[in-house]
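Q: This is run-v4.txt (compact mmCIF, C-alpha atoms and all ligand atoms).
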```
# COMPACT_ATOMS: atom_id res chain seq x y z
CA MET A 1 -95.03 -189.75 81.37
CA PRO A 2 -98.72 -190.04 82.32
CA ALA A 3 -100.19 -187.08 84.19
CA SER A 4 -101.21 -189.20 87.16
CA THR A 5 -97.62 -190.35 87.77
CA ALA A 6 -96.33 -186.75 87.76
CA ALA A 7 -98.96 -185.74 90.31
CA LYS A 8 -98.06 -188.69 92.48
CA ASP A 9 -94.32 -187.77 92.36
CA LYS A 10 -95.15 -184.26 93.42
CA ARG A 11 -97.23 -185.44 96.34
CA THR A 12 -94.44 -187.70 97.48
CA THR A 13 -92.02 -184.77 97.61
CA VAL A 14 -94.44 -182.60 99.61
CA THR A 15 -95.12 -185.31 102.16
CA GLU A 16 -91.41 -185.95 102.59
CA ARG A 17 -90.49 -182.37 103.36
CA PRO A 18 -91.90 -182.14 106.92
CA LYS A 19 -89.36 -184.72 108.03
CA LYS A 20 -86.59 -182.16 107.52
CA THR A 21 -88.24 -178.85 108.48
CA LYS A 22 -91.00 -177.78 110.85
CA GLN A 23 -94.58 -178.27 109.92
CA PRO A 24 -95.98 -174.97 108.59
CA PRO A 25 -98.89 -173.64 110.71
CA ALA A 26 -102.27 -174.97 109.75
CA HIS A 27 -103.71 -171.42 109.86
CA PRO A 28 -101.91 -168.31 108.57
CA GLU A 29 -100.44 -166.13 111.34
CA SER A 30 -102.40 -163.10 112.49
CA LEU A 31 -100.81 -159.67 112.10
CA GLU A 32 -100.56 -159.49 115.89
CA GLN A 33 -98.54 -162.70 116.00
CA ARG A 34 -96.21 -161.41 113.34
CA TYR A 35 -95.62 -158.18 115.30
CA LEU A 36 -94.93 -160.26 118.37
CA LYS A 37 -92.33 -162.28 116.50
CA LEU A 38 -90.77 -159.11 115.21
CA LEU A 39 -90.48 -157.77 118.75
CA GLU A 40 -88.92 -161.00 119.98
CA ALA A 41 -86.49 -161.17 117.09
CA VAL A 42 -84.82 -157.77 117.54
CA PRO A 43 -81.45 -157.85 119.33
CA ASP A 44 -82.20 -154.66 121.31
CA ALA A 45 -84.08 -154.87 124.62
CA ILE A 46 -87.49 -153.24 124.30
CA LEU A 47 -89.50 -152.29 127.36
CA GLU A 48 -92.76 -150.46 127.84
CA VAL A 49 -93.07 -148.47 131.05
CA ASN A 50 -96.29 -146.96 132.48
CA PRO A 51 -96.58 -143.49 134.07
CA HIS A 52 -95.63 -144.97 137.47
CA GLY A 53 -92.41 -146.30 136.03
CA GLN A 54 -93.56 -149.93 136.08
CA ILE A 55 -92.44 -152.30 133.38
CA MET A 56 -95.52 -153.46 131.48
CA LEU A 57 -94.06 -155.25 128.51
CA LEU A 58 -90.63 -156.58 127.49
CA ASN A 59 -89.09 -158.76 124.83
CA GLN A 60 -86.75 -161.73 125.03
CA ALA A 61 -83.70 -159.58 124.39
CA ALA A 62 -84.53 -157.64 127.58
CA GLU A 63 -84.55 -160.88 129.59
CA ARG A 64 -81.19 -161.91 128.15
CA MET A 65 -79.61 -158.50 128.49
CA PHE A 66 -80.54 -157.87 132.13
CA GLY A 67 -80.54 -161.47 133.36
CA TYR A 68 -84.11 -161.47 134.71
CA SER A 69 -86.97 -163.65 133.65
CA ARG A 70 -90.02 -161.99 132.18
CA GLU A 71 -92.10 -162.81 135.27
CA GLU A 72 -89.49 -161.19 137.56
CA LEU A 73 -89.39 -157.96 135.61
CA LEU A 74 -93.08 -157.37 134.93
CA GLY A 75 -94.44 -154.92 137.45
CA LEU A 76 -91.01 -153.84 138.77
CA THR A 77 -90.08 -150.19 138.26
CA VAL A 78 -87.66 -149.43 135.47
CA GLU A 79 -85.29 -148.01 138.10
CA THR A 80 -84.41 -151.65 138.85
CA LEU A 81 -82.34 -151.58 135.65
CA VAL A 82 -80.68 -148.23 136.41
CA PRO A 83 -77.26 -148.33 138.14
CA ALA A 84 -77.84 -148.21 141.90
CA ALA A 85 -75.90 -144.95 142.27
CA LEU A 86 -78.23 -143.08 139.87
CA ARG A 87 -81.48 -144.74 140.80
CA GLY A 88 -82.56 -142.05 143.31
CA ARG A 89 -82.90 -139.29 140.67
CA HIS A 90 -84.19 -141.33 137.78
CA HIS A 91 -87.86 -140.57 138.39
CA GLU A 92 -87.05 -136.88 137.77
CA HIS A 93 -85.80 -137.77 134.30
CA ARG A 94 -88.99 -139.72 133.69
CA ALA A 95 -91.07 -136.73 134.76
CA SER A 96 -89.16 -134.37 132.48
CA TYR A 97 -89.62 -136.77 129.56
CA ALA A 98 -93.37 -136.75 130.23
CA ASP A 99 -93.29 -132.92 129.87
CA HIS A 100 -91.79 -133.19 126.36
CA PRO A 101 -92.66 -136.62 125.06
CA GLN A 102 -91.01 -137.25 121.70
CA THR A 103 -88.85 -139.90 120.11
CA ARG A 104 -85.26 -139.11 121.03
CA PRO A 105 -82.11 -140.68 122.41
CA MET A 106 -81.86 -140.68 126.20
CA GLY A 107 -79.15 -138.57 127.84
CA SER A 108 -77.62 -137.67 124.49
CA GLY A 109 -73.92 -136.93 124.80
CA LEU A 110 -73.73 -138.86 128.09
CA GLU A 111 -72.20 -142.26 128.62
CA LEU A 112 -75.13 -144.33 129.90
CA GLU A 113 -74.91 -147.53 131.87
CA ALA A 114 -77.47 -150.13 132.91
CA GLN A 115 -77.37 -152.70 135.70
CA LYS A 116 -77.93 -156.45 135.37
CA LYS A 117 -79.61 -158.62 137.98
CA ASP A 118 -76.20 -159.74 139.28
CA GLY A 119 -75.21 -156.10 139.81
CA THR A 120 -72.80 -155.76 136.89
CA LEU A 121 -72.95 -152.51 134.98
CA PHE A 122 -72.68 -152.34 131.18
CA PRO A 123 -72.67 -149.47 128.69
CA VAL A 124 -75.91 -148.85 126.79
CA GLU A 125 -77.50 -146.61 124.25
CA ILE A 126 -81.19 -145.94 124.89
CA SER A 127 -83.83 -144.37 122.72
CA LEU A 128 -87.22 -143.35 124.06
CA SER A 129 -90.56 -142.96 122.34
CA PRO A 130 -93.97 -142.01 123.70
CA ASN A 131 -96.84 -144.42 123.47
CA TRP A 132 -100.29 -143.02 124.41
CA ARG A 133 -102.64 -145.66 125.73
CA ASP A 134 -106.11 -144.94 127.17
CA GLY A 135 -105.12 -141.32 127.71
CA GLU A 136 -102.00 -142.34 129.65
CA LEU A 137 -98.42 -141.77 128.52
CA ASN A 138 -96.39 -144.96 128.43
CA ILE A 139 -92.77 -144.83 127.42
CA ILE A 140 -91.15 -147.35 125.12
CA ALA A 141 -87.43 -147.73 125.80
CA SER A 142 -85.20 -149.47 123.31
CA VAL A 143 -81.90 -150.43 124.94
CA ARG A 144 -78.77 -151.45 123.05
CA ASP A 145 -75.83 -153.14 124.77
CA ILE A 146 -72.74 -151.36 123.38
CA THR A 147 -70.12 -153.27 125.40
CA GLU A 148 -68.46 -154.61 122.25
CA ARG A 149 -68.45 -151.30 120.50
CA LYS A 150 -66.95 -149.56 123.54
CA ARG A 151 -64.30 -152.23 123.81
CA ALA A 152 -63.35 -151.69 120.16
CA GLU A 153 -63.30 -147.92 120.65
CA ASP A 154 -61.11 -148.31 123.75
CA ARG A 155 -58.76 -150.53 121.81
CA ILE A 156 -58.51 -147.99 119.00
CA ARG A 157 -57.96 -145.19 121.51
CA ALA A 158 -55.22 -147.19 123.26
CA ILE A 159 -53.53 -147.90 119.95
CA ARG A 160 -53.75 -144.26 118.98
CA GLU A 161 -52.32 -143.14 122.31
CA GLN A 162 -49.48 -145.59 122.04
CA PHE A 163 -48.82 -144.41 118.52
CA THR A 164 -48.74 -140.78 119.67
CA VAL A 165 -46.33 -141.65 122.48
CA GLU A 166 -44.06 -143.55 120.09
CA LEU A 167 -44.22 -140.76 117.54
CA SER A 168 -43.26 -138.09 120.02
CA ALA A 169 -40.40 -140.29 121.27
CA LYS A 170 -39.23 -140.63 117.67
CA ASN A 171 -39.52 -136.87 117.21
CA ASP A 172 -37.41 -136.28 120.29
CA GLN A 173 -34.79 -138.69 118.98
CA LEU A 174 -34.81 -136.96 115.62
CA GLU A 175 -34.42 -133.54 117.19
CA ALA A 176 -31.53 -134.76 119.34
CA ARG A 177 -29.90 -136.24 116.25
CA ASN A 178 -30.40 -132.97 114.35
CA ARG A 179 -28.76 -131.02 117.13
CA GLU A 180 -25.88 -133.48 117.09
CA VAL A 181 -25.46 -133.13 113.33
CA GLU A 182 -25.55 -129.35 113.58
CA ARG A 183 -22.95 -129.41 116.32
CA ALA A 184 -20.73 -131.79 114.36
CA ASN A 185 -21.07 -129.63 111.28
CA ARG A 186 -20.15 -126.51 113.21
CA LEU A 187 -17.18 -128.26 114.78
CA LYS A 188 -16.06 -129.41 111.33
CA SER A 189 -16.27 -125.90 109.93
CA GLU A 190 -14.37 -124.53 112.93
CA PHE A 191 -11.76 -127.23 112.56
CA VAL A 192 -11.30 -126.54 108.85
CA ALA A 193 -11.08 -122.82 109.53
CA SER A 194 -8.44 -123.17 112.21
CA MET A 195 -6.51 -125.81 110.25
CA SER A 196 -6.39 -123.57 107.18
CA HIS A 197 -5.15 -120.78 109.36
CA GLU A 198 -2.38 -122.95 110.79
CA LEU A 199 -1.36 -124.14 107.32
CA ARG A 200 -1.01 -120.67 105.94
CA THR A 201 1.73 -119.53 108.32
CA PRO A 202 4.39 -122.11 107.31
CA LEU A 203 3.33 -121.72 103.69
CA HIS A 204 4.10 -118.01 103.78
CA THR A 205 7.56 -118.91 105.10
CA ILE A 206 8.08 -121.36 102.22
CA ILE A 207 6.93 -118.83 99.65
CA GLY A 208 8.92 -115.98 101.17
CA PHE A 209 12.22 -117.88 101.31
CA SER A 210 11.72 -119.48 97.89
CA GLU A 211 11.20 -116.02 96.44
CA LEU A 212 14.42 -114.84 98.08
CA LEU A 213 16.25 -117.81 96.57
CA ALA A 214 14.68 -117.24 93.15
CA GLU A 215 15.73 -113.59 93.24
CA GLU A 216 19.30 -114.82 93.84
CA VAL A 217 19.82 -112.33 96.66
CA GLU A 218 22.07 -114.72 98.50
CA GLY A 219 24.01 -115.90 95.48
CA THR A 220 23.43 -117.14 91.97
CA LEU A 221 21.67 -120.43 91.24
CA ASN A 222 22.44 -122.80 88.43
CA ALA A 223 19.74 -123.58 85.88
CA LYS A 224 18.59 -126.74 87.63
CA GLN A 225 18.40 -125.07 91.03
CA LYS A 226 16.37 -122.27 89.49
CA ARG A 227 13.94 -124.77 88.00
CA PHE A 228 13.58 -126.54 91.33
CA VAL A 229 12.88 -123.33 93.17
CA GLY A 230 10.40 -122.42 90.45
CA HIS A 231 8.48 -125.65 91.07
CA VAL A 232 8.48 -125.05 94.83
CA LEU A 233 7.12 -121.54 94.31
CA GLN A 234 4.44 -122.57 91.82
CA ASP A 235 3.09 -125.38 93.98
CA ALA A 236 3.31 -123.31 97.13
CA HIS A 237 1.20 -120.61 95.47
CA HIS A 238 -1.29 -123.24 94.32
CA LEU A 239 -1.48 -124.65 97.83
CA LEU A 240 -1.98 -121.18 99.28
CA GLU A 241 -4.82 -120.54 96.85
CA LEU A 242 -6.47 -123.82 97.81
CA ILE A 243 -6.14 -123.11 101.51
CA ASN A 244 -7.51 -119.60 101.10
CA GLU A 245 -10.50 -120.92 99.20
CA VAL A 246 -11.23 -123.67 101.73
CA LEU A 247 -10.93 -121.10 104.49
CA ASP A 248 -13.30 -118.73 102.70
CA LEU A 249 -15.89 -121.40 102.07
CA SER A 250 -15.77 -122.75 105.61
CA LYS A 251 -16.18 -119.22 106.92
CA ILE A 252 -19.15 -118.63 104.64
CA GLU A 253 -20.72 -121.97 105.52
CA SER A 254 -20.36 -121.48 109.26
CA GLY A 255 -21.90 -118.03 108.88
CA LYS A 256 -18.70 -116.41 110.14
CA LEU A 257 -17.95 -114.36 107.07
CA GLU A 258 -19.07 -110.83 107.71
CA LEU A 259 -19.12 -108.36 104.87
CA GLN A 260 -17.41 -105.00 105.44
CA PRO A 261 -19.38 -102.82 103.06
CA GLU A 262 -18.08 -99.45 102.00
CA LEU A 263 -18.66 -96.94 99.24
CA PHE A 264 -16.19 -97.24 96.39
CA GLU A 265 -15.85 -96.60 92.71
CA PHE A 266 -16.42 -99.82 90.81
CA SER A 267 -14.18 -98.93 87.86
CA ASP A 268 -11.17 -98.46 90.17
CA CYS A 269 -11.70 -101.86 91.70
CA LEU A 270 -12.13 -103.46 88.27
CA GLU A 271 -8.94 -101.85 87.00
CA GLU A 272 -6.96 -103.31 89.90
CA VAL A 273 -8.22 -106.82 89.14
CA LEU A 274 -7.58 -106.43 85.41
CA THR A 275 -4.01 -105.36 86.10
CA GLY A 276 -3.51 -108.55 88.03
CA ALA A 277 -5.05 -110.69 85.28
CA ARG A 278 -3.18 -109.08 82.38
CA GLN A 279 0.03 -111.02 82.88
CA ALA A 280 -1.72 -114.40 82.71
CA ALA A 281 -3.69 -113.27 79.63
CA GLN A 282 -0.60 -112.01 77.82
CA SER A 283 1.39 -115.15 78.47
CA LYS A 284 -1.47 -117.14 76.89
CA ASN A 285 -1.94 -114.66 74.05
CA VAL A 286 -5.51 -113.88 75.13
CA ARG A 287 -6.77 -110.34 74.59
CA LEU A 288 -8.17 -108.79 77.76
CA GLU A 289 -10.47 -105.79 77.32
CA ASN A 290 -12.39 -103.45 79.61
CA ARG A 291 -15.65 -102.50 77.86
CA SER A 292 -17.19 -101.20 81.06
CA ASN A 293 -16.87 -97.50 80.45
CA PHE A 294 -19.03 -95.71 82.97
CA ALA A 295 -18.56 -94.95 86.61
CA ALA A 296 -20.76 -96.32 89.35
CA GLN A 297 -20.36 -96.36 93.07
CA LEU A 298 -21.00 -99.63 94.84
CA TYR A 299 -21.89 -100.12 98.45
CA ALA A 300 -20.22 -103.48 98.99
CA ASP A 301 -17.26 -105.30 100.53
CA ARG A 302 -14.45 -104.15 98.29
CA THR A 303 -12.10 -107.06 99.04
CA ARG A 304 -14.89 -109.56 98.28
CA VAL A 305 -15.87 -107.80 95.05
CA ARG A 306 -12.25 -108.08 93.95
CA GLU A 307 -12.40 -111.76 94.80
CA ILE A 308 -15.56 -112.20 92.72
CA LEU A 309 -14.08 -110.40 89.70
CA ASN A 310 -10.78 -112.19 90.10
CA ASN A 311 -12.44 -115.61 90.13
CA LEU A 312 -14.48 -114.88 87.03
CA LEU A 313 -11.59 -113.28 85.12
CA SER A 314 -9.07 -115.98 85.98
CA ASN A 315 -11.58 -118.63 84.84
CA ALA A 316 -12.25 -116.73 81.61
CA VAL A 317 -8.54 -116.53 80.83
CA LYS A 318 -7.90 -120.10 81.93
CA PHE A 319 -10.64 -121.54 79.72
CA THR A 320 -9.87 -119.49 76.61
CA ASP A 321 -7.26 -120.73 74.17
CA SER A 322 -4.54 -118.66 72.54
CA GLY A 323 -5.86 -115.93 70.23
CA GLY A 324 -9.18 -115.66 72.06
CA ASN A 325 -10.83 -112.75 73.85
CA VAL A 326 -11.88 -111.95 77.37
CA TRP A 327 -13.76 -108.76 78.20
CA VAL A 328 -15.80 -107.09 80.91
CA GLU A 329 -19.10 -105.25 80.35
CA SER A 330 -21.34 -103.49 82.81
CA SER A 331 -24.72 -101.82 82.98
CA VAL A 332 -27.13 -100.51 85.59
CA ASN A 333 -30.46 -102.18 86.21
CA SER A 334 -32.98 -101.28 88.95
CA GLY A 335 -30.58 -100.43 91.75
CA PHE A 336 -27.99 -103.02 90.79
CA LEU A 337 -24.82 -102.94 88.78
CA GLU A 338 -24.71 -105.81 86.30
CA ILE A 339 -21.16 -106.91 85.56
CA THR A 340 -20.51 -109.43 82.81
CA VAL A 341 -17.23 -111.27 82.42
CA ALA A 342 -17.28 -112.75 78.91
CA ASP A 343 -14.91 -114.91 76.94
CA SER A 344 -14.64 -116.56 73.53
CA GLY A 345 -13.31 -119.74 75.12
CA ILE A 346 -14.27 -123.40 75.32
CA GLY A 347 -17.74 -122.76 76.77
CA ILE A 348 -19.81 -124.98 79.04
CA ALA A 349 -22.37 -127.60 77.98
CA PRO A 350 -25.93 -126.92 79.18
CA GLU A 351 -25.97 -130.04 81.40
CA GLU A 352 -22.86 -128.81 83.26
CA GLN A 353 -24.03 -125.26 83.85
CA ALA A 354 -25.70 -125.83 87.22
CA ALA A 355 -23.02 -128.22 88.51
CA ILE A 356 -20.08 -125.87 88.07
CA PHE A 357 -21.37 -123.74 90.95
CA GLU A 358 -21.05 -126.73 93.27
CA LYS A 359 -18.03 -127.22 95.51
CA PHE A 360 -15.05 -129.01 93.91
CA TYR A 361 -16.85 -129.48 90.58
CA GLN A 362 -14.75 -129.16 87.45
CA VAL A 363 -15.98 -129.97 83.97
CA GLY A 364 -14.29 -133.14 82.70
CA GLY A 365 -12.63 -133.54 86.08
CA ASP A 366 -12.71 -137.30 85.86
CA ASN A 367 -10.83 -137.73 82.58
CA ARG A 368 -7.61 -136.31 84.01
CA ARG A 369 -7.63 -133.29 81.73
CA ILE A 370 -7.94 -131.19 84.86
CA ARG A 371 -6.51 -127.78 84.57
CA GLU A 372 -5.05 -126.12 87.59
CA GLY A 373 -7.60 -125.08 90.18
CA THR A 374 -9.66 -126.41 93.02
CA GLY A 375 -13.22 -126.30 91.74
CA LEU A 376 -14.10 -123.97 94.62
CA GLY A 377 -13.91 -120.60 92.84
CA LEU A 378 -17.46 -120.47 91.50
CA ALA A 379 -19.00 -121.94 94.68
CA ILE A 380 -17.36 -119.13 96.65
CA THR A 381 -18.20 -116.53 94.02
CA ARG A 382 -21.88 -117.39 94.10
CA GLN A 383 -21.98 -117.30 97.90
CA LEU A 384 -20.22 -113.92 97.99
CA VAL A 385 -22.59 -112.47 95.40
CA GLU A 386 -25.62 -113.76 97.27
CA LEU A 387 -24.28 -112.43 100.58
CA HIS A 388 -24.37 -109.02 98.89
CA GLY A 389 -27.98 -109.56 97.88
CA GLY A 390 -27.01 -110.08 94.26
CA GLN A 391 -27.33 -112.93 91.79
CA ILE A 392 -25.12 -114.75 89.33
CA PHE A 393 -26.20 -115.86 85.84
CA LEU A 394 -24.47 -117.88 83.15
CA GLU A 395 -24.98 -118.00 79.40
CA SER A 396 -22.71 -120.36 77.53
CA SER A 397 -22.47 -122.98 74.85
CA PRO A 398 -19.57 -125.28 74.01
CA ASN A 399 -16.85 -123.69 71.83
CA ARG A 400 -18.71 -120.38 71.66
CA GLY A 401 -17.58 -118.87 74.93
CA SER A 402 -19.24 -117.99 78.21
CA ARG A 403 -20.84 -114.97 79.84
CA PHE A 404 -20.95 -114.85 83.64
CA THR A 405 -23.08 -111.96 84.90
CA VAL A 406 -23.23 -110.88 88.51
CA THR A 407 -25.45 -108.18 90.05
CA LEU A 408 -24.23 -106.07 92.96
CA PRO A 409 -26.10 -103.36 94.87
CA LEU A 410 -25.40 -99.78 93.84
CA ALA A 411 -24.87 -97.10 96.48
CA LYS A 412 -28.14 -95.27 96.96
CA THR A 413 -26.80 -91.89 98.07
CA PRO A 414 -27.63 -88.75 96.01
CA ALA A 415 -23.89 -88.18 95.57
CA PHE A 416 -23.72 -91.50 93.78
CA ARG A 417 -26.55 -90.59 91.39
CA SER A 418 -24.98 -87.30 90.36
CA THR A 419 -21.68 -89.11 89.74
CA VAL A 420 -23.35 -91.62 87.47
CA ASP A 421 -25.36 -88.98 85.64
CA ARG A 422 -22.35 -86.77 85.09
CA LYS A 423 -20.06 -89.52 83.88
CA GLN A 424 -22.68 -91.12 81.66
CA SER A 425 -23.60 -87.95 79.83
N1 LIG A 501 -15.24 -119.14 81.68
C1 LIG A 501 -15.33 -120.48 81.71
N2 LIG A 501 -15.35 -121.19 80.55
C2 LIG A 501 -15.45 -122.54 80.56
N3 LIG A 501 -15.58 -123.28 81.68
C3 LIG A 501 -15.59 -122.64 82.88
C4 LIG A 501 -15.48 -121.21 82.95
N4 LIG A 501 -15.54 -120.86 84.24
C5 LIG A 501 -15.67 -122.01 84.94
N5 LIG A 501 -15.69 -123.07 84.12
C6 LIG A 501 -15.86 -124.50 84.51
O1 LIG A 501 -16.35 -124.53 85.84
C7 LIG A 501 -15.46 -125.27 86.66
C8 LIG A 501 -15.49 -124.72 88.06
O2 LIG A 501 -14.91 -123.45 88.13
P1 LIG A 501 -14.28 -122.95 89.47
O3 LIG A 501 -15.25 -123.19 90.55
O4 LIG A 501 -13.76 -121.59 89.32
O5 LIG A 501 -13.11 -123.98 89.71
P2 LIG A 501 -11.64 -124.03 89.09
O6 LIG A 501 -11.40 -122.75 88.37
O7 LIG A 501 -10.78 -124.16 90.30
O8 LIG A 501 -11.61 -125.24 88.24
C9 LIG A 501 -14.13 -125.17 85.99
O9 LIG A 501 -13.29 -126.22 86.35
C10 LIG A 501 -14.53 -125.23 84.53
O10 LIG A 501 -14.76 -126.57 84.16
MG MG A 502 -11.73 -120.85 89.13
```
Could you express the structure from this file as structure tokens?
A:
Amino acid sequence: MPASTAAKDKRTTVTERPKKTKQPPAHPESLEQRYLKLLEAVPDAILEVNPHGQIMLLNQAAERMFGYSREELLGLTVETLVPAALRGRHHEHRASYADHPQTRPMGSGLELEAQKKDGTLFPVEISLSPNWRDGELNIIASVRDITERKRAEDRIRAIREQFTVELSAKNDQLEARNREVERANRLKSEFVASMSHELRTPLHTIIGFSELLAEEVEGTLNAKQKRFVGHVLQDAHHLLELINEVLDLSKIESGKLELQPELFEFSDCLEEVLTGARQAAQSKNVRLENRSNFAAQLYADRTRVREILNNLLSNAVKFTDSGGNVWVESSVNSGFLEITVADSGIGIAPEEQAAIFEKFYQVGGDNRRIREGTGLGLAITRQLVELHGGQIFLESSPNRGSRFTVTLPLAKTPAFRSTVDRKQS
């Protein structure tokens, strides 16, 4: 392509452009003109005020914002733009600014308002800066209309307030519901407690008269009759045990079980429980041994300690097959007596060891190999131990037996110490 053609093409393009956009100025703008444009382009109203408060200079934004024309505003005092109610004292503010002229926001921390020509007020943010001219202090005020921002803030505040109101209403509902649940739970525990009580009375009658029949006081029974009475007695005892356990647990859970602590010799209490357990052990051919051979005085609820030992021993015997061993050990550890009921029985898998302390839980309970029992014994035992300030631990593995250890508080009297020392030595 020849050079002349290219130059011609270029010229064509340049001459076409002015049809679409404005003609660029023939002479470059002066710096003053550019400043002027800058002033007119800003969205904030900018006003220059002389020492008498008269408006000397303003930009387009000021005209738009206040609704005056430039000609109307020039020469008026700046108080014209101040809300009528505050106008009277505004000159004082101007005077105090003149004492400390520096660039700063006006009335910082205050909610400022300005007034339009038609009298409407609108929220503004104003910053002031000094402008010395011919030895006189003029003030340049830059005014920003914050109506939109305020509106958004008000909306957010309203939403927040509504949210707070709703939240506190929800909280009230929740509290009311909680109180209801607590009340229902208490009523349930009271109901269970009184029901269990009512059930025990007729059951004692059934057991008492069945025992009389079984003892053949009123005449001999034939073999079948004896077997029948035997069944009645066995199930009645089982039912009584269940009711007693439910009653115990409901008492504990409703906080109604009060311990009756007393001083007593632990070995005596243990011997009583062992005597009771011996028959069951013998009939299963399980050896029952007392390896706890020193004396210690407990300060505890004796009946409840018997219950704890009884639960652990009856479990140990129940879950140990013929030819196995069950034994009791004890030791003293920092103010507590540690009692271990151990057996060489079926043991408990690690994943079951926490669950067995839950109410009604029995290992393998779902495959109908359930042995007699309610699944409440250990739940009660743990609660009773903890009520005494003690703890219960379990070490066990399947087919290698179990060791249940409970800690109970020792009596702290000097008499107790001398007893222990004497009997240990
Ligand atoms: N010494 C033990 N050896 C093996 N398993 C035990 C032993 N003690 C308790 N368990 C398991 O824990 C379960 C819960 O015991 P417990 O609360 O006393 O209820 P229950 O004796 O009425 O079944 C038992 O059913 C049994 O599966
Ligand atoms: Mg049990």
Q: Between chain A and ligand MG 502 (chain A), at 8 Å or less, what are the per-residue closest atom pairs and their distances in Å? Count only C-alpha atoms and all ligand atoms, order by chain and rising residue number, and return it as CSV.
A:
```
residue,atom,partner,partner_atom,distance
A:Asn311,CA,A:MG502,MG,5.4
A:Leu312,CA,A:MG502,MG,6.9
A:Ser314,CA,A:MG502,MG,6.4
A:Asn315,CA,A:MG502,MG,4.8
A:Gly373,CA,A:MG502,MG,6.0
A:Thr374,CA,A:MG502,MG,7.1
A:Gly375,CA,A:MG502,MG,6.2
A:Leu376,CA,A:MG502,MG,6.7
A:Gly377,CA,A:MG502,MG,4.3
A:Leu378,CA,A:MG502,MG,6.2
```
Q: Within 7 Å of range 292-303 of chain A, counting all atoms listed in the file, which residues show up once you throw out same-chain ones fewer than 6 positions away? Write them as a ChimeraX atom specification, please.
A: /A:259-267,328-330,388,409-411,416,420,423-424
Q: What do you get as a VMD selection string if you pick all residues at most 7 Å from ligand LIG 501 (chain A), counting all atoms listed in the file?
A: chain A and resid 311 to 312 315 to 316 319 to 320 343 345 to 348 356 to 357 359 to 364 371 to 379 401 to 402
Q: Distance cut-off 12 Å, centre (-26.6, -117.2, 78.2) in file coordinates, counting only C-alpha atoms: which residues qualify? Return them as JSON, numbers by chain.
A: {"A": [340, 341, 342, 343, 347, 348, 349, 350, 353, 392, 393, 394, 395, 396, 397, 398, 400, 401, 402, 403, 404, 405]}
Q: Could you give me, as a tab-separated table (two decimals) with C-alpha atoms, keeping the file's coordinate frame, the residues within 12 Å of range 55-68 of chain A, counting all atoms listed in the file and dropping anything in the same chain fewer than 4 positions from it?
A:
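Final file, part_18.tsv:
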```tsv
chain	number	residue	atom	x	y	z
A	35	TYR	CA	-95.62	-158.18	115.30
A	36	LEU	CA	-94.93	-160.26	118.37
A	37	LYS	CA	-92.33	-162.28	116.50
A	38	LEU	CA	-90.77	-159.11	115.21
A	39	LEU	CA	-90.48	-157.77	118.75
A	40	GLU	CA	-88.92	-161.00	119.98
A	41	ALA	CA	-86.49	-161.17	117.09
A	42	VAL	CA	-84.82	-157.77	117.54
A	43	PRO	CA	-81.45	-157.85	119.33
A	44	ASP	CA	-82.20	-154.66	121.31
A	45	ALA	CA	-84.08	-154.87	124.62
A	46	ILE	CA	-87.49	-153.24	124.30
A	47	LEU	CA	-89.50	-152.29	127.36
A	48	GLU	CA	-92.76	-150.46	127.84
A	49	VAL	CA	-93.07	-148.47	131.05
A	50	ASN	CA	-96.29	-146.96	132.48
A	51	PRO	CA	-96.58	-143.49	134.07
A	72	GLU	CA	-89.49	-161.19	137.56
A	73	LEU	CA	-89.39	-157.96	135.61
A	74	LEU	CA	-93.08	-157.37	134.93
A	75	GLY	CA	-94.44	-154.92	137.45
A	76	LEU	CA	-91.01	-153.84	138.77
A	77	THR	CA	-90.08	-150.19	138.26
A	78	VAL	CA	-87.66	-149.43	135.47
A	79	GLU	CA	-85.29	-148.01	138.10
A	80	THR	CA	-84.41	-151.65	138.85
A	81	LEU	CA	-82.34	-151.58	135.65
A	82	VAL	CA	-80.68	-148.23	136.41
A	83	PRO	CA	-77.26	-148.33	138.14
A	113	GLU	CA	-74.91	-147.53	131.87
A	114	ALA	CA	-77.47	-150.13	132.91
A	115	GLN	CA	-77.37	-152.70	135.70
A	116	LYS	CA	-77.93	-156.45	135.37
A	117	LYS	CA	-79.61	-158.62	137.98
A	118	ASP	CA	-76.20	-159.74	139.28
A	119	GLY	CA	-75.21	-156.10	139.81
A	120	THR	CA	-72.80	-155.76	136.89
A	121	LEU	CA	-72.95	-152.51	134.98
A	122	PHE	CA	-72.68	-152.34	131.18
A	123	PRO	CA	-72.67	-149.47	128.69
A	124	VAL	CA	-75.91	-148.85	126.79
A	138	ASN	CA	-96.39	-144.96	128.43
A	139	ILE	CA	-92.77	-144.83	127.42
A	140	ILE	CA	-91.15	-147.35	125.12
A	141	ALA	CA	-87.43	-147.73	125.80
A	142	SER	CA	-85.20	-149.47	123.31
A	143	VAL	CA	-81.90	-150.43	124.94
A	144	ARG	CA	-78.77	-151.45	123.05
A	145	ASP	CA	-75.83	-153.14	124.77
A	146	ILE	CA	-72.74	-151.36	123.38
A	147	THR	CA	-70.12	-153.27	125.40
```
Q: What's the separation between CA of Leu212 in chain A and CA of Asp235 in chain A, in Å to one decimal place?
A: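 Taking CA of Leu212 in chain A as the start and CA of Asp235 in chain A as the end point, the length is 16.0 Å.
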Q: Kindly give the distance, in Å, that separates CA of Thr407 in chain A and CA of Gln279 in chain A, rounded to a single decimal.
A: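 Distance reported for this atom pair: 26.6 Å.
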Q: Could you check how far CA of Val217 in chain A sits from CA of Leu203 in chain A, in Å to one decimal?
A: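 Separation of CA of Val217 in chain A and CA of Leu203 in chain A: 20.2 Å.
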